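Remarks on the structure that follows.
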Amino acid sequence: MITFDQIKKAVLVSVWFMFLTFPIMVIRVNPVERIVEWRWRNMLLIGVGSFILSFVWHYFIRRKELGTQKAEVGGEETIPLAQRILEKKAIYRPTLAVLGICALVFPFIFSLYQTNIMVTALIYVMLGLGLNIVVGLAGLLDLGYVAFYAVGAYAYALLNYHFGLSFWMVLPIGAALGATFGILLGFPVLRLRGDYLAIVTLGFGEIIRIILENWNEFSFGPSGIANIPRPSLLGIDLSVHAATIYIYYIMIGLCLFTIFVVNRLQDSRIGRAWIALREDETACQAMGIDKAKTKLTAFALGATWAGMSGVVFAAKTTFVNPASFTIWESIIILCIVVLGGMGSILGVIAGALVLILMPEYLRAFSEFRMLAFGVLLVVMMVFRPGGLIPNVRRTYKFEGVTETKKG
Amino acid sequence: MEPVLKVQDLGMNFGGLRALDAVDLDVGKNEIVALIGPNGAGKTTFFNCITGIYPPTEGDVLIFPQGKDRPKRINGLKPNKVTEKGLARTFQNIRLFPNMTVLENVMIGRHCRMRAGVLGAVLRGRSTMREEKAAVMDSYAILEKIGLDPFVNEFAKNLPYGAQRRLEIARAMATEPFLLLLDEPAAGMNPNETRDLDKLIKRIRDEEGISILLIEHDMKLVMSLSDRIFVVDYGKKIAQGTPEEIRNNPAVIKAYLGEETDA
Amino acid sequence: MDYFLELFLGGLTRGSIYALIALGYTMVYGIIELINFAHGEIYMIGAFTALIVISVLTLMGMNTIAILVIAGVIAVIYSAAYGYTVEKIAYKPLRNAPRLSALISAIGMSLFLQNYVLLAQTSDFLPFPNLIPDFEFMEPYAHIIGSTEIVILITTAIVMVLLTIMIKFTNIGKAMRAASQDKTMSMLVGINVNHVISVTFVVGSATAAIGGVLIASHVGMINFYVGFIAGIKAFVAAVLGGIGSIPGAVLGSFVLGWTESFATGYVSSDYEDVFAFLFLVLILIFRPQGILGRSEKHKL
């Protein structure tokens, strides 16, 4: 199976990478104490690692090429597993029921710590589903998504600080503010194409963060705002433990609500327009779809969820500061959408759970988290652009042939 | 004859390049009009100017909507507004939505005739559901007329080439136009497919009452279809008339075959 | 007046550095229409490599000028090698994929390279020795412009001239221009487009490395994150001048450099980064093709 040529290639790759990583991986200097540390072991690791990875890489590239050839010849398109499961009610209903029960009893089985982590994961599910509207459905790469998250969090922190508004009062306000900012950001970028859009939204996200950091009178600067109250249940203040469980259920509820809404939007006149916009902007407009309006709805509806999750985030941590809203947050959310599968609700949920829970449980590797995210984005795009659970969008299945003929 | 479209003195500059220069054209009700000319003569630019993709530098594009006696000036409108007013087009190089089904492609055409908003989509009230169902039915009816109903649930990208061209026509028809603009509808088709297209275009005119303006290079098709033909070259209109007149027009022959010395 | 002059020259220096980085963006964009998000990281790696080489050689007791030259050359080689490898791994397999995919891959690459340096080296700021000696003839003007700045300006000018000559008059330059017009056609007339793209990445990365070394010795410290912000700003400069256009990138860089220099000098330094982004937004809204770019109408 493995030819001499392949081995020669892998050796070359291995040598190349040993050369490439030599200064950064092997030498470490301490200019203050004037010591040079030589880490030859790293070189060995790189050499062996890239030798093996070279085979893996080429194997997958070949497989991918074979796959595209097959598709071009017109071979059967394989239906993804998830879609097959979704189509069989006998399977997915009990699965759903079991998952539902697990979700309900979770905080009573697991510790407070675990519940807290789960709340974080659920916040990211919501963020992912929101960004999915913008990136996955409408095809607009928004790298400043975290700004809306910040808007929601600061909305709760500031409205509570100045006016004593409660969690439940701010939740809809946060959503509305998110949507408003979505439209404000959307207007100037309407005419931009994909890559410019990415960089401008990134700029917007950074502008909001820098403003939060420097405008002390408004946002209390880098030190942030502390002592934000957790949500109270019917006017009763809960203990930390009870409040965490309460927030957990609030998040479950909000996630279900998000799924419900996003699902319905996807299968509607507007959802279709988003997808058409992603596929071909010019044709979309020529078919009578208002490009500006459609894009703005996508921005606004995407930002709504970020605004809401921001409110929950502030209530959960009881503290906000600009450091929570860096560009890397946006990129983590993007990772969730990309890993799960752009446009796929189920995929985004899975993506959020995997990406947020895994690093929590693999603490030993937590420093490699962002490195792994970077690799993930590249590898997913190269080998599996559809994501783990590719979009299982229900297309219109036309079945009413006889009806039409009668009519 | 009652006009549906009148274009007067249309001019278009790209930087220093004069792509269109004082072009006049009109299309009457229930008429099939062809716009021909050598490659690069400015035909597609003309379409783009009418449908709002480029705002023309000068001139007027007037439409005559039914039931209104005053014409409406549409140049400068956004493409989607032009479509709403009743002009629909196809593209020279097919621009379908490849990852949407045939039915969904046509339903996108219905978009501007539907009203459901965000709230309607989420609540799925009775009127929204009725509208959705009607859109499915209407779209299917159009597919039947065009003969694409066997492909209804296929992805657009999986359709054979000729069917993709016809799907573009179906999608355009779904916007309820009174004038259909076809940009080289027969490009890449074999003689059989072209013959079917000939019949289809005539049927659309006769049965739906839609006027048609088309750009085409297949002279046999143009001669068989058109009531009148306009010829452009280097952005200028060089001739207009019935197919018979155009066939014998020396200016047209020159434009197509080149000057005596060139040949 | 001296303050104005100081800000003016400071802006010019800043602009020169942006220009060295912006060239890579603009060349890559011109040829494969991709924002190479990892470009800023390439520049950072160039600076890091230089720092490592300098440190090792200093401990070996070599003379400063020799160190400067060797470190510069090695930084350029390594940055070029990284640029080449990044293209092969993250962009080449996506040549025919949707643009969104390539863009996400580029972001991933940027994230990876940052964290690679962070983990293999350190997250702290490292002091970068200033190896450029103070020239004696510069002394009367020292309050306005330092020797480092002069070196930066001269180096940038030389690089620009060499690059222009390469693109205008050499075969590979012609191939680059052809491939940026129409890749398929270039292939048909026998241009090895993959090779041309590789060369573009290598040249762009090499100029970025020069910028990296110069700014590091100017500012006096680096860390793994310096590439990201500098990269974004250089991109803004490239867009400002008209992306795809090399003189545009240079002009845009100077405009951005002056804006930042005057804005932080006369207004406030808290919002230094905001100016660049606001500038970008305004430019894209009112003149998306940039100062020198041609308005592009894609064919339908």
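By order of appearance in the structure tokens: chains A, B, ..., then residues from 1 within every chain, and ligands from 1 in the order shown.
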
How close does each residue of chain C get to chain A, giving the shortest atom pair and distance in Å to one decimal for every residue with an atom at most 6 Å away, counting only C-alpha atoms, sorted by chain and residue number, as CSV?
```
residue,atom,partner,partner_atom,distance
C:Ser101,CA,A:Met381,CA,5.7
C:Ser105,CA,A:Val378,CA,4.3
C:Gly108,CA,A:Gly374,CA,4.0
C:Met109,CA,A:Gly374,CA,5.8
C:Leu111,CA,A:Gly374,CA,4.9
C:Phe112,CA,A:Gly374,CA,4.4
C:Asn115,CA,A:Leu371,CA,5.3
C:Ala120,CA,A:Met25,CA,5.4
C:Val274,CA,A:Ile207,CA,5.6
C:Phe277,CA,A:Gly203,CA,5.3
```

With N, CA and C atoms retained, export the selected residues as a PDB file, in the first residue's frame.
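As a result, result.pdb now contains:
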```pdb
ATOM      1  N   SER C 101     -14.912  29.521   2.734  1.00  0.00           N
ATOM      2  CA  SER C 101     -14.109  28.425   3.282  1.00  0.00           C
ATOM      3  C   SER C 101     -12.646  28.831   3.406  1.00  0.00           C
ATOM      4  N   SER C 105     -10.383  29.191   6.774  1.00  0.00           N
ATOM      5  CA  SER C 105      -9.125  28.473   6.881  1.00  0.00           C
ATOM      6  C   SER C 105      -7.994  29.439   7.226  1.00  0.00           C
ATOM      7  N   GLY C 108      -8.140  30.327  10.807  1.00  0.00           N
ATOM      8  CA  GLY C 108      -7.637  29.205  11.583  1.00  0.00           C
ATOM      9  C   GLY C 108      -6.113  29.185  11.604  1.00  0.00           C
ATOM     10  N   MET C 109      -5.511  29.462  10.446  1.00  0.00           N
ATOM     11  CA  MET C 109      -4.059  29.452  10.338  1.00  0.00           C
ATOM     12  C   MET C 109      -3.461  30.542  11.235  1.00  0.00           C
ATOM     13  N   LEU C 111      -4.777  31.847  13.918  1.00  0.00           N
ATOM     14  CA  LEU C 111      -4.947  31.418  15.308  1.00  0.00           C
ATOM     15  C   LEU C 111      -3.890  30.380  15.682  1.00  0.00           C
ATOM     16  N   PHE C 112      -3.650  29.452  14.755  1.00  0.00           N
ATOM     17  CA  PHE C 112      -2.688  28.394  15.017  1.00  0.00           C
ATOM     18  C   PHE C 112      -1.287  28.966  15.207  1.00  0.00           C
ATOM     19  N   ASN C 115      -0.679  30.804  18.499  1.00  0.00           N
ATOM     20  CA  ASN C 115      -0.595  29.952  19.668  1.00  0.00           C
ATOM     21  C   ASN C 115       0.611  29.031  19.629  1.00  0.00           C
ATOM     22  N   ALA C 120       5.429  27.578  22.159  1.00  0.00           N
ATOM     23  CA  ALA C 120       6.822  27.160  21.997  1.00  0.00           C
ATOM     24  C   ALA C 120       7.778  28.181  22.601  1.00  0.00           C
ATOM     25  N   VAL C 274      -8.785  52.483  17.216  1.00  0.00           N
ATOM     26  CA  VAL C 274     -10.103  52.797  16.680  1.00  0.00           C
ATOM     27  C   VAL C 274      -9.996  53.589  15.383  1.00  0.00           C
ATOM     28  N   PHE C 277      -9.668  51.412  12.339  1.00  0.00           N
ATOM     29  CA  PHE C 277     -10.907  50.719  11.975  1.00  0.00           C
ATOM     30  C   PHE C 277     -11.952  51.681  11.423  1.00  0.00           C
TER      31      PHE C 277
END
```

Contact residues (chain B, partner chain A, 7 Å, only C-alpha atoms) as a list in words:
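The answer, sorted by residue number, is Pro79, Asn80, Lys81, Thr83, Glu84, Arg95, Phe97, Thr101, Glu104, Ile108, Gly109, His111, Cys112, Ala116, Ala121, Val122, Met137, Val152, Asn153, Ala172 and Thr175 of chain B.
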
With DSSP run on the backbone, what are the strand (DSSP E or B) residues within range 102-230 of chain C? I'd like them as JSON, numbers by chain. {"C": [126, 127, 221, 222]}

(message) What does the structure give for the distance between CA of Lys9 in chain A and CA of His58 in chain A, in Å to one decimal?
(response)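 Straight-line distance from CA of Lys9 in chain A to CA of His58 in chain A works out to 10.1 Å.
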
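Proximity to Glu87 in chain C was assessed for C:Ile17, C:Ala106, C:Met160, C:Ile191 counting only C-alpha atoms; the smallest distance is recorded for C:Ala106.
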
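Of the listed residues (B:Val33, B:Val118, B:Val106, B:Ala19), B:Val106 comes nearest to Val136 in chain B; the distances count only C-alpha atoms.
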
At a cut-off of 8 Å, using only C-alpha atoms, what residues contact range 109-113 of chain A? Leave out same-chain residues fewer than 6 positions from it and give the result as an mmCIF file with C-alpha atoms, in the first residue's frame.
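out23.cif, written as the output of this step:
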```cif
data_model
loop_
_atom_site.group_PDB
_atom_site.id
_atom_site.type_symbol
_atom_site.label_atom_id
_atom_site.label_comp_id
_atom_site.auth_asym_id
_atom_site.auth_seq_id
_atom_site.Cartn_x
_atom_site.Cartn_y
_atom_site.Cartn_z
ATOM 1 C CA HIS A 241 -26.502 26.977 44.366
ATOM 2 C CA THR A 244 -27.152 28.334 39.299
ATOM 3 C CA ILE A 245 -29.723 25.604 38.880
#
```
